[in-house]
file start-v7.txt (compact mmCIF, C-alpha atoms)
# COMPACT_ATOMS: atom_id res chain seq x y z
CA MET A 2 -13.53 7.17 15.83
CA PHE A 3 -14.18 5.49 19.18
CA ILE A 4 -15.71 2.41 17.50
CA VAL A 5 -12.76 2.07 15.11
CA LEU A 6 -10.25 2.36 17.94
CA LEU A 7 -12.26 0.05 20.19
CA ILE A 8 -12.36 -2.72 17.59
CA SER A 9 -8.69 -2.30 16.64
CA LEU A 10 -7.35 -2.17 20.19
CA SER A 11 -9.56 -5.10 21.19
CA VAL A 12 -8.07 -7.20 18.41
CA PHE A 13 -4.54 -6.19 19.39
CA SER A 14 -5.27 -7.01 23.03
CA VAL A 15 -6.56 -10.45 22.11
CA ILE A 16 -3.43 -11.15 20.05
CA SER A 17 -1.13 -10.03 22.86
CA ILE A 18 -3.01 -12.12 25.44
CA TYR A 19 -2.90 -15.09 23.07
CA ASN A 20 0.87 -14.65 22.77
CA LEU A 21 1.20 -14.36 26.54
CA PHE A 22 -0.18 -17.88 26.94
CA THR A 23 0.90 -19.57 23.69
CA ALA A 24 4.01 -17.92 22.25
CA PRO A 25 6.69 -20.61 21.81
CA VAL A 26 9.57 -20.05 24.23
CA LEU A 27 12.83 -22.01 24.06
CA LYS A 28 13.22 -24.12 27.18
CA ARG A 29 15.74 -26.64 28.43
CA VAL A 30 14.67 -29.99 27.09
CA SER A 31 14.20 -32.95 29.39
CA GLN A 32 15.40 -35.26 26.61
CA PRO A 33 18.26 -33.37 24.95
CA SER A 34 19.46 -34.20 21.47
CA ASP A 35 21.86 -37.12 21.25
CA ASN A 36 24.30 -35.03 19.17
CA ARG A 37 23.88 -37.16 16.06
CA ASN A 38 23.69 -34.22 13.67
CA PHE A 39 26.82 -32.21 13.06
CA VAL A 40 26.13 -28.51 13.66
CA SER A 41 28.11 -25.67 12.13
CA VAL A 42 27.96 -22.60 14.37
CA LEU A 43 28.51 -19.65 12.02
CA ILE A 44 29.32 -16.22 13.42
CA PRO A 45 29.64 -13.17 11.15
CA ALA A 46 31.70 -10.54 12.97
CA ARG A 47 32.42 -6.96 11.96
CA ASN A 48 34.12 -4.75 14.55
CA GLU A 49 33.03 -7.02 17.39
CA GLU A 50 36.07 -6.83 19.66
CA LYS A 51 33.79 -5.98 22.60
CA ASN A 52 31.64 -9.09 22.18
CA ILE A 53 33.47 -11.82 20.31
CA GLU A 54 35.44 -13.36 23.17
CA LYS A 55 32.38 -13.68 25.40
CA CYS A 56 30.39 -15.08 22.47
CA LEU A 57 32.98 -17.74 21.67
CA LYS A 58 33.36 -18.80 25.30
CA ARG A 59 29.59 -19.33 25.52
CA VAL A 60 29.49 -21.33 22.28
CA LEU A 61 32.43 -23.47 23.41
CA ALA A 62 30.62 -24.10 26.72
CA GLN A 63 27.60 -25.63 24.98
CA ASP A 64 26.67 -29.15 26.09
CA TYR A 65 26.17 -30.07 22.41
CA GLN A 66 29.54 -31.51 21.41
CA ASN A 67 29.13 -32.49 17.76
CA LYS A 68 29.81 -29.07 16.29
CA GLU A 69 32.27 -26.83 14.54
CA ILE A 70 32.60 -23.10 15.11
CA ILE A 71 33.48 -20.78 12.24
CA VAL A 72 33.91 -17.04 12.66
CA LEU A 73 34.24 -14.78 9.65
CA ASP A 74 35.91 -11.45 10.21
CA ASP A 75 33.90 -9.18 7.93
CA ASN A 76 36.60 -6.65 7.02
CA SER A 77 36.81 -5.32 10.57
CA THR A 78 38.87 -2.28 11.42
CA ASP A 79 39.44 -3.32 15.04
CA ASN A 80 41.00 -6.36 16.75
CA THR A 81 38.20 -8.83 15.97
CA TYR A 82 40.32 -11.16 13.82
CA ARG A 83 43.22 -11.25 16.27
CA LEU A 84 40.89 -12.11 19.16
CA VAL A 85 39.18 -14.88 17.18
CA SER A 86 42.54 -16.27 16.10
CA SER A 87 43.52 -16.70 19.75
CA PHE A 88 40.74 -19.32 20.00
CA SER A 89 41.93 -21.35 17.00
CA THR A 90 43.23 -24.17 19.18
CA SER A 91 39.79 -24.51 20.78
CA ASN A 92 37.86 -25.87 17.78
CA VAL A 93 37.31 -22.37 16.40
CA LYS A 94 38.09 -21.60 12.78
CA ALA A 95 38.86 -17.98 11.95
CA LEU A 96 38.25 -16.76 8.41
CA LYS A 97 39.17 -13.49 6.76
CA GLY A 98 36.20 -12.23 4.78
CA LYS A 99 36.61 -11.41 1.12
CA ALA A 100 36.02 -7.90 -0.20
CA LEU A 101 32.35 -6.95 -0.37
CA PRO A 102 30.94 -7.24 -3.92
CA THR A 103 29.02 -4.19 -5.15
CA ASP A 104 25.71 -6.05 -5.41
CA TRP A 105 25.77 -7.52 -1.88
CA PHE A 106 25.06 -6.13 1.59
CA GLY A 107 27.69 -6.84 4.21
CA LYS A 108 26.09 -9.30 6.62
CA ASN A 109 24.48 -11.27 3.80
CA TRP A 110 27.86 -11.63 2.10
CA ALA A 111 29.49 -12.71 5.37
CA CYS A 112 26.80 -15.35 6.04
CA HIS A 113 27.07 -16.62 2.46
CA GLN A 114 30.82 -17.14 2.85
CA LEU A 115 30.29 -18.92 6.16
CA ALA A 116 27.70 -21.28 4.65
CA GLN A 117 30.13 -22.20 1.88
CA GLU A 118 32.70 -23.26 4.47
CA ALA A 119 30.31 -25.17 6.74
CA LYS A 120 30.45 -28.96 6.93
CA GLY A 121 27.48 -29.44 9.26
CA GLU A 122 24.10 -30.96 8.50
CA TYR A 123 22.64 -28.03 10.45
CA LEU A 124 23.73 -24.41 10.10
CA LEU A 125 23.39 -22.12 13.11
CA PHE A 126 23.87 -18.44 12.28
CA VAL A 127 24.33 -16.47 15.49
CA ASP A 128 25.36 -12.85 16.00
CA ALA A 129 28.42 -12.01 18.07
CA ASP A 130 26.40 -10.05 20.63
CA VAL A 131 24.08 -12.96 21.45
CA GLU A 132 24.53 -14.69 24.81
CA LEU A 133 23.74 -18.41 24.97
CA LYS A 134 23.17 -20.56 28.02
CA PRO A 135 24.95 -23.95 27.83
CA GLU A 136 21.81 -25.88 26.80
CA VAL A 137 20.78 -23.67 23.87
CA ILE A 138 22.10 -25.65 20.91
CA SER A 139 20.83 -28.96 22.32
CA SER A 140 17.41 -27.43 22.97
CA ALA A 141 17.24 -25.72 19.58
CA VAL A 142 18.23 -28.86 17.68
CA TYR A 143 15.63 -30.81 19.64
CA GLU A 144 12.92 -28.27 18.75
CA LEU A 145 13.91 -28.23 15.08
CA GLU A 146 13.83 -32.02 14.83
CA LYS A 147 10.59 -32.33 16.79
CA SER A 148 8.82 -29.76 14.62
CA ASN A 149 10.29 -31.04 11.34
CA ALA A 150 10.89 -27.42 10.34
CA ALA A 151 13.45 -26.12 7.88
CA LEU A 152 14.26 -23.14 10.08
CA LEU A 153 14.14 -22.42 13.79
CA SER A 154 14.65 -18.76 14.65
CA ILE A 155 14.79 -17.17 18.07
CA PHE A 156 14.09 -13.63 19.24
CA PRO A 157 16.50 -13.27 22.17
CA THR A 158 15.41 -11.78 25.46
CA GLN A 159 16.66 -8.22 25.18
CA ILE A 160 19.04 -6.88 27.80
CA ILE A 161 18.15 -3.21 28.29
CA LYS A 162 20.26 -1.06 30.60
CA SER A 163 20.10 2.61 29.67
CA PHE A 164 17.17 5.03 29.56
CA GLY A 165 17.85 5.69 25.88
CA GLU A 166 17.54 1.99 25.07
CA TYR A 167 14.22 1.79 26.94
CA LEU A 168 12.80 4.46 24.64
CA ILE A 169 13.26 2.28 21.55
CA VAL A 170 14.36 -1.35 22.08
CA PRO A 171 11.03 -2.60 23.57
CA LEU A 172 9.34 -1.61 20.31
CA MET A 173 10.72 -4.72 18.58
CA ASN A 174 8.83 -7.20 20.73
CA TRP A 175 5.84 -4.87 20.92
CA LEU A 176 5.54 -4.85 17.13
CA LEU A 177 6.09 -8.60 16.96
CA LEU A 178 3.73 -9.74 19.71
CA THR A 179 0.94 -7.18 19.42
CA PHE A 180 0.17 -7.83 15.77
CA LEU A 181 1.31 -11.40 15.07
CA PRO A 182 0.15 -14.58 16.85
CA LEU A 183 3.64 -16.07 17.04
CA ARG A 184 2.46 -19.67 17.10
CA PHE A 185 0.85 -19.12 13.67
CA VAL A 186 4.28 -18.76 12.06
CA TYR A 187 4.66 -22.51 12.46
CA SER A 188 1.06 -23.74 12.37
CA CYS A 189 -0.26 -21.66 9.43
CA SER A 190 1.04 -21.85 5.88
CA GLY A 191 -0.17 -18.35 5.03
CA LYS A 192 2.54 -16.00 3.80
CA ALA A 193 1.30 -13.28 6.15
CA PHE A 194 2.48 -15.28 9.16
CA VAL A 195 6.23 -14.89 8.84
CA ALA A 196 8.82 -13.79 11.38
CA ALA A 197 12.48 -14.58 11.88
CA ASN A 198 15.44 -12.99 13.59
CA GLY A 199 18.90 -13.06 12.03
CA GLN A 200 20.46 -12.98 15.51
CA PHE A 201 19.71 -16.72 15.82
CA MET A 202 18.75 -18.89 12.86
CA LEU A 203 19.15 -22.68 12.90
CA TRP A 204 18.72 -24.25 9.46
CA LYS A 205 18.67 -27.71 8.04
CA LYS A 206 21.48 -27.25 5.56
CA ASP A 207 19.69 -28.87 2.62
CA ASP A 208 16.65 -26.62 3.09
CA TYR A 209 18.83 -23.53 3.44
CA PHE A 210 20.43 -24.15 0.06
CA LYS A 211 17.13 -25.29 -1.45
CA ILE A 212 15.65 -21.80 -0.99
CA GLY A 213 18.84 -20.14 -2.23
CA GLY A 214 20.38 -19.14 1.11
CA HIS A 215 21.75 -15.66 1.67
CA GLU A 216 22.67 -15.41 -1.99
CA LYS A 217 18.95 -15.17 -2.78
CA VAL A 218 18.62 -12.11 -0.51
CA LYS A 219 22.06 -10.64 -1.12
CA ASN A 220 20.82 -7.04 -1.52
CA LYS A 221 18.01 -7.09 1.08
CA VAL A 222 18.31 -4.93 4.20
CA VAL A 223 16.10 -7.15 6.38
CA GLU A 224 17.45 -10.46 5.17
CA ASP A 225 15.97 -12.54 8.00
CA MET A 226 12.39 -11.64 7.08
CA GLU A 227 13.11 -12.18 3.39
CA LEU A 228 14.53 -15.63 4.13
CA SER A 229 11.47 -16.51 6.17
CA ARG A 230 9.21 -15.47 3.28
CA LEU A 231 11.25 -17.61 0.88
CA THR A 232 10.95 -20.55 3.25
CA LYS A 233 7.16 -20.28 3.28
CA GLN A 234 7.07 -19.82 -0.50
CA ASN A 235 8.94 -23.13 -0.81
CA LYS A 236 6.28 -24.76 1.39
CA LEU A 237 8.73 -25.40 4.21
CA LYS A 238 8.03 -24.97 7.92
CA ILE A 239 9.39 -22.22 10.17
CA LYS A 240 9.36 -22.31 13.94
CA THR A 241 9.91 -18.92 15.57
CA MET A 242 10.43 -18.77 19.31
CA LEU A 243 11.31 -16.37 22.11
CA GLY A 244 14.62 -16.73 23.91
CA GLY A 245 13.11 -16.98 27.38
CA LYS A 246 15.81 -17.62 29.95
CA LEU A 247 18.23 -19.25 27.52
CA VAL A 248 19.04 -16.74 24.76
CA PHE A 249 19.87 -13.10 25.49
CA CYS A 250 21.16 -10.10 23.57
CA ARG A 251 21.98 -6.50 24.23
CA MET A 252 21.35 -5.23 20.71
CA TYR A 253 22.35 -1.65 21.34
CA GLU A 254 24.24 0.20 24.06
CA SER A 255 22.86 3.69 23.59
CA PHE A 256 19.94 5.70 22.26
CA ASN A 257 21.83 6.57 19.07
CA GLN A 258 22.67 2.93 18.32
CA ALA A 259 19.06 1.88 18.88
CA TYR A 260 17.72 4.76 16.80
CA ASN A 261 20.02 3.97 13.86
CA GLY A 262 19.41 0.23 14.12
CA PHE A 263 15.63 0.57 14.04
CA THR A 264 15.85 3.15 11.26
CA LYS A 265 17.75 0.62 9.16
CA ASN A 266 15.15 -2.12 9.53
CA PHE A 267 11.75 -0.54 10.15
CA PHE A 268 10.44 0.37 6.71
CA ALA A 269 12.32 -2.40 4.89
CA GLY A 270 10.86 -5.04 7.20
CA PHE A 271 7.25 -4.20 6.38
CA LEU A 272 7.58 -4.81 2.62
CA LEU A 273 4.80 -2.31 1.89
CA PRO A 274 4.38 0.60 -0.52
CA PRO A 275 5.44 3.89 1.13
CA PHE A 276 1.90 5.30 1.32
CA SER A 277 0.51 2.15 2.96
CA PHE A 278 3.39 2.14 5.42
CA LEU A 279 2.73 5.78 6.35
CA VAL A 280 -0.98 5.13 6.83
CA ILE A 281 -0.26 2.18 9.14
CA ILE A 282 2.25 3.94 11.39
CA LEU A 283 0.02 7.03 11.56
CA PHE A 284 -2.93 4.87 12.58
CA LEU A 285 -0.82 3.14 15.23
CA LEU A 286 0.25 6.50 16.61
CA ILE A 287 -3.37 7.65 16.80
CA ALA A 288 -4.67 4.38 18.25
CA PHE A 289 -2.01 4.06 20.95
CA VAL A 290 -1.57 7.72 21.94
CA LEU A 291 -4.87 9.54 21.31
CA PRO A 292 -6.73 7.95 24.29
CA PHE A 293 -4.15 9.45 26.69
CA LEU A 294 -5.06 12.95 25.48
CA PHE A 295 -8.65 12.53 26.75
CA LEU A 296 -10.16 14.20 23.68
CA MET A 297 -13.13 11.82 23.92
CA PRO A 298 -15.58 11.40 26.80
CA PRO A 299 -13.61 10.10 29.83
CA VAL A 300 -15.34 6.71 29.88
CA TYR A 301 -14.33 6.11 26.25
CA SER A 302 -10.76 7.14 26.94
CA PHE A 303 -10.51 4.88 30.00
CA ILE A 304 -11.79 1.87 28.05
CA LEU A 305 -9.23 2.40 25.29
CA ILE A 306 -6.42 3.03 27.77
CA ALA A 307 -7.31 -0.22 29.55
CA LEU A 308 -6.97 -2.13 26.28
CA ILE A 309 -3.60 -0.48 25.59
CA LEU A 310 -2.36 -1.37 29.07
CA ILE A 311 -3.46 -4.99 28.62
CA THR A 312 -1.39 -5.13 25.44
CA ARG A 313 1.71 -3.55 26.97
CA ILE A 314 1.57 -5.67 30.13
CA SER A 315 1.04 -8.92 28.20
CA VAL A 316 3.91 -8.25 25.80
CA SER A 317 6.22 -7.12 28.61
CA ILE A 318 5.59 -10.26 30.64
CA VAL A 319 6.14 -12.73 27.81
CA SER A 320 9.23 -10.77 26.70
CA ASN A 321 10.75 -10.71 30.22
CA GLN A 322 10.84 -6.90 30.10
CA ASN A 323 10.14 -4.36 32.84
CA LEU A 324 6.39 -3.83 32.49
CA PHE A 325 6.35 -0.77 34.77
CA ILE A 326 8.89 1.06 32.61
CA ASN A 327 7.16 0.03 29.38
CA VAL A 328 3.81 1.26 30.64
CA LEU A 329 5.29 4.50 31.96
CA LEU A 330 7.14 5.25 28.72
CA HIS A 331 4.45 3.96 26.37
CA PRO A 332 3.34 7.30 24.82
CA VAL A 333 6.96 8.39 24.29
CA GLN A 334 7.86 5.04 22.73
CA MET A 335 4.93 5.43 20.33
CA LEU A 336 6.17 8.88 19.28
CA PHE A 337 9.63 7.46 18.62
CA MET A 338 8.07 4.57 16.69
CA PHE A 339 6.33 7.03 14.37
CA TRP A 340 9.36 9.28 13.92
CA ILE A 341 11.69 6.33 13.29
CA GLY A 342 9.22 5.03 10.71
CA ILE A 343 9.26 8.36 8.83
CA ASN A 344 13.05 8.56 9.01
CA SER A 345 13.41 4.92 7.94
CA LEU A 346 11.25 5.49 4.86
CA ILE A 347 13.16 8.63 3.86
CA LYS A 348 16.58 7.06 4.30
CA PHE A 349 15.56 3.87 2.52
CA LYS A 350 14.20 5.74 -0.48
CA THR A 351 17.17 8.11 -0.68
CA LYS A 352 19.63 5.25 -0.11
CA LYS A 353 21.24 6.97 2.86
CA ILE A 354 21.16 4.06 5.31
CA VAL A 355 24.59 3.44 6.85
CA TRP A 356 25.37 0.52 9.14
CA LYS A 357 28.73 -0.36 10.65
CA GLN A 358 30.49 2.22 8.53
CA ARG A 359 29.01 0.85 5.30
CA LYS A 360 26.33 2.33 3.10
CA LEU A 361 23.41 0.02 2.41
call {"tool": "encode", "arguments": {"input": "start-v7.txt", "output": "structure tokens"}}
result
Amino acid sequence: MFIVLLISLSVFSVISIYNLFTAPVLKRVSQPSDNRNFVSVLIPARNEEKNIEKCLKRVLAQDYQNKEIIVLDDNSTDNTYRLVSSFSTSNVKALKGKALPTDWFGKNWACHQLAQEAKGEYLLFVDADVELKPEVISSAVYELEKSNAALLSIFPTQIIKSFGEYLIVPLMNWLLLTFLPLRFVYSCSGKAFVAANGQFMLWKKDDYFKIGGHEKVKNKVVEDMELSRLTKQNKLKIKTMLGGKLVFCRMYESFNQAYNGFTKNFFAGFLLPPFSFLVIILFLLIAFVLPFLFLMPPVYSFILIALILITRISVSIVSNQNLFINVLLHPVQMLFMFWIGINSLIKFKTKKIVWKQRKL
């Protein structure tokens, strides 16, 4: 058991250290784009009255001028549409979303409608809870053009405020940066190296429609990962980056929101048979918690704990997260990771996943 854990944790530590020094991070460009390409900023919004005004103000404040902004109110039950409409004189187009077809999931349908309305050569899908610094669009367009990729996707720096959020939200970057060398998403053509985040996806419009767009993944829960797989299957490049100090998001505002959000995505994102998924999350629980129980000789436990701490510290630093809190809460986070995985599998298989008052 010690040898298996030593090899596994050593590999994970190497990946996390590699990401610490090489993971692509969006930065302000010294030679910003000259605004030649027309960008459509597309914002799907369902019950986003808390976020939509701040989001629109930040998009309007971008230093990239050659753009349009389209917000689709996805059958909200709050004041989202009225708030968006108040911006209509500021180069913001407000759309009322059509009724959700039975064979579509909500966000995918909203993004599809937005893409149909867009006039830009580039399509930027951005969630309403994402916060953008003024240089983001210029920097993202520059990176997309420089890399000659079809898609540039960004994992925002997560804003975490409550104790309940700290128990779950850091797991996203931990899963991403402990097991995937992020640079390989762009540099390797292998289908195993895929990652994308639907919170921020900048597409070349022609490539987006070439792979089928959101219509191709209309009934997929984790549509961003499915789109990234389709992009690789079509032999197109993806560049996936971290938000650094330019792109931020507070995904959830409570433990319950985080728990339900991760439950929705966890199993579906792995694209594995249920048994294989269970084996993997059980192994991760054992590998990342067992050493803290000191069931092995102390020297063995200390070696394994050191490797775990290297992983957590490396991921926390590159993610701009509180490394002290992540280290302190590590065993508890691992327990929640396992339980959320079990719950995600059960709800996915029994079709009981509900998100924003809609059954998926």
call {"tool": "atom_distance", "arguments": {"input": "start-v7.txt", "atom1": "CA of Ile53 in chain A", "atom2": "CA of Ile169 in chain A"}}
result
24.7 Å
call {"tool": "residues_around", "arguments": {"input": "start-v7.txt", "residues": "range 301-309 of chain A", "least_positions_apart": "4", "cutoff": "7 Å", "atoms": "all atoms listed in the file", "output": "list in words"}}
result
Leu7, Leu10, Ser11, Ser14, Phe289, Pro292, Phe293, Phe295, Met297 and Arg313 of chain A
call {"tool": "atom_distance", "arguments": {"input": "start-v7.txt", "atom1": "CA of Gly121 in chain A", "atom2": "CA of Glu136 in chain A"}}
result
18.8 Å
call {"tool": "atom_distance", "arguments": {"input": "start-v7.txt", "atom1": "CA of Leu168 in chain A", "atom2": "CA of Pro299 in chain A"}}
result
27.5 Å
call {"tool": "closest_residue", "arguments": {"input": "start-v7.txt", "among": "A:Pro274, A:Thr264, A:Trp175, A:Gly199", "to": "Leu324 in chain A", "atoms": "only C-alpha atoms"}}
result
A:Trp175
call {"tool": "closest_residue", "arguments": {"input": "start-v7.txt", "among": "A:Phe267, A:Tyr187, A:Tyr65, A:Tyr253", "to": "Val142 in chain A", "atoms": "all atoms listed in the file"}}
result
A:Tyr65
call {"tool": "residues_around", "arguments": {"input": "start-v7.txt", "residues": "Gly262 in chain A", "least_positions_apart": "2", "cutoff": "10 Å", "atoms": "only C-alpha atoms", "output": "JSON, numbers by chain"}}
result
{"A": [169, 170, 252, 253, 256, 257, 258, 259, 260, 264, 265, 266, 267, 341, 345, 354, 355, 356, 357]}
call {"tool": "closest_residue", "arguments": {"input": "start-v7.txt", "among": "A:Ser17, A:Thr158, A:Thr179, A:Asn344", "to": "Asn323 in chain A", "atoms": "only C-alpha atoms"}}
result
A:Thr158
call {"tool": "residues_around", "arguments": {"input": "start-v7.txt", "residues": "range 72-77 of chain A", "least_positions_apart": "5", "cutoff": "9 Å", "atoms": "all atoms listed in the file", "output": "PyMOL selection string"}}
result
chain A and resi 42-49+82+85+93-101+107-108+110-112+114-115
call {"tool": "write_last_selection", "arguments": {"input": "start-v7.txt", "atoms": "C-alpha atoms", "output": "PDB file, in the frame of the given file"}}
result
ATOM      1  CA  VAL A  42      27.960 -22.600  14.370  1.00  0.00           C
ATOM      2  CA  LEU A  43      28.510 -19.650  12.020  1.00  0.00           C
ATOM      3  CA  ILE A  44      29.320 -16.220  13.420  1.00  0.00           C
ATOM      4  CA  PRO A  45      29.640 -13.170  11.150  1.00  0.00           C
ATOM      5  CA  ALA A  46      31.700 -10.540  12.970  1.00  0.00           C
ATOM      6  CA  ARG A  47      32.420  -6.960  11.960  1.00  0.00           C
ATOM      7  CA  ASN A  48      34.120  -4.750  14.550  1.00  0.00           C
ATOM      8  CA  GLU A  49      33.030  -7.020  17.390  1.00  0.00           C
ATOM      9  CA  TYR A  82      40.320 -11.160  13.820  1.00  0.00           C
ATOM     10  CA  VAL A  85      39.180 -14.880  17.180  1.00  0.00           C
ATOM     11  CA  VAL A  93      37.310 -22.370  16.400  1.00  0.00           C
ATOM     12  CA  LYS A  94      38.090 -21.600  12.780  1.00  0.00           C
ATOM     13  CA  ALA A  95      38.860 -17.980  11.950  1.00  0.00           C
ATOM     14  CA  LEU A  96      38.250 -16.760   8.410  1.00  0.00           C
ATOM     15  CA  LYS A  97      39.170 -13.490   6.760  1.00  0.00           C
ATOM     16  CA  GLY A  98      36.200 -12.230   4.780  1.00  0.00           C
ATOM     17  CA  LYS A  99      36.610 -11.410   1.120  1.00  0.00           C
ATOM     18  CA  ALA A 100      36.020  -7.900  -0.200  1.00  0.00           C
ATOM     19  CA  LEU A 101      32.350  -6.950  -0.370  1.00  0.00           C
ATOM     20  CA  GLY A 107      27.690  -6.840   4.210  1.00  0.00           C
ATOM     21  CA  LYS A 108      26.090  -9.300   6.620  1.00  0.00           C
ATOM     22  CA  TRP A 110      27.860 -11.630   2.100  1.00  0.00           C
ATOM     23  CA  ALA A 111      29.490 -12.710   5.370  1.00  0.00           C
ATOM     24  CA  CYS A 112      26.800 -15.350   6.040  1.00  0.00           C
ATOM     25  CA  GLN A 114      30.820 -17.140   2.850  1.00  0.00           C
ATOM     26  CA  LEU A 115      30.290 -18.920   6.160  1.00  0.00           C
TER      27      LEU A 115
END
call {"tool": "residues_around", "arguments": {"input": "start-v7.txt", "residues": "Tyr209 in chain A", "least_positions_apart": "2", "cutoff": "10 Å", "atoms": "all atoms listed in the file", "output": "list in words"}}
result
Ala116, Tyr123, Leu124, Ala151, Leu152, Leu203, Trp204, Lys205, Lys206, Asp207, Lys211, Ile212, Gly213, Gly214, His215, Leu228, Leu231 and Thr232 of chain A
call {"tool": "closest_residue", "arguments": {"input": "start-v7.txt", "among": "A:Pro171, A:Ala196, A:Phe278, A:Arg230", "to": "Phe337 in chain A", "atoms": "all atoms listed in the file"}}
result
A:Pro171
call {"tool": "closest_residue", "arguments": {"input": "start-v7.txt", "among": "A:Ser229, A:Thr241, A:Ser320, A:Ser9", "to": "Asn174 in chain A", "atoms": "all atoms listed in the file"}}
result
A:Ser320
call {"tool": "residues_around", "arguments": {"input": "start-v7.txt", "residues": "Ile326 in chain A", "least_positions_apart": "5", "cutoff": "12 Å", "atoms": "all atoms listed in the file", "output": "list in words"}}
result
Ile161, Lys162, Ser163, Phe164, Glu166, Tyr167, Leu168, Ile169, Pro171, Arg313, Ile314, Ser317, Ile318, His331, Pro332, Val333 and Gln334 of chain A
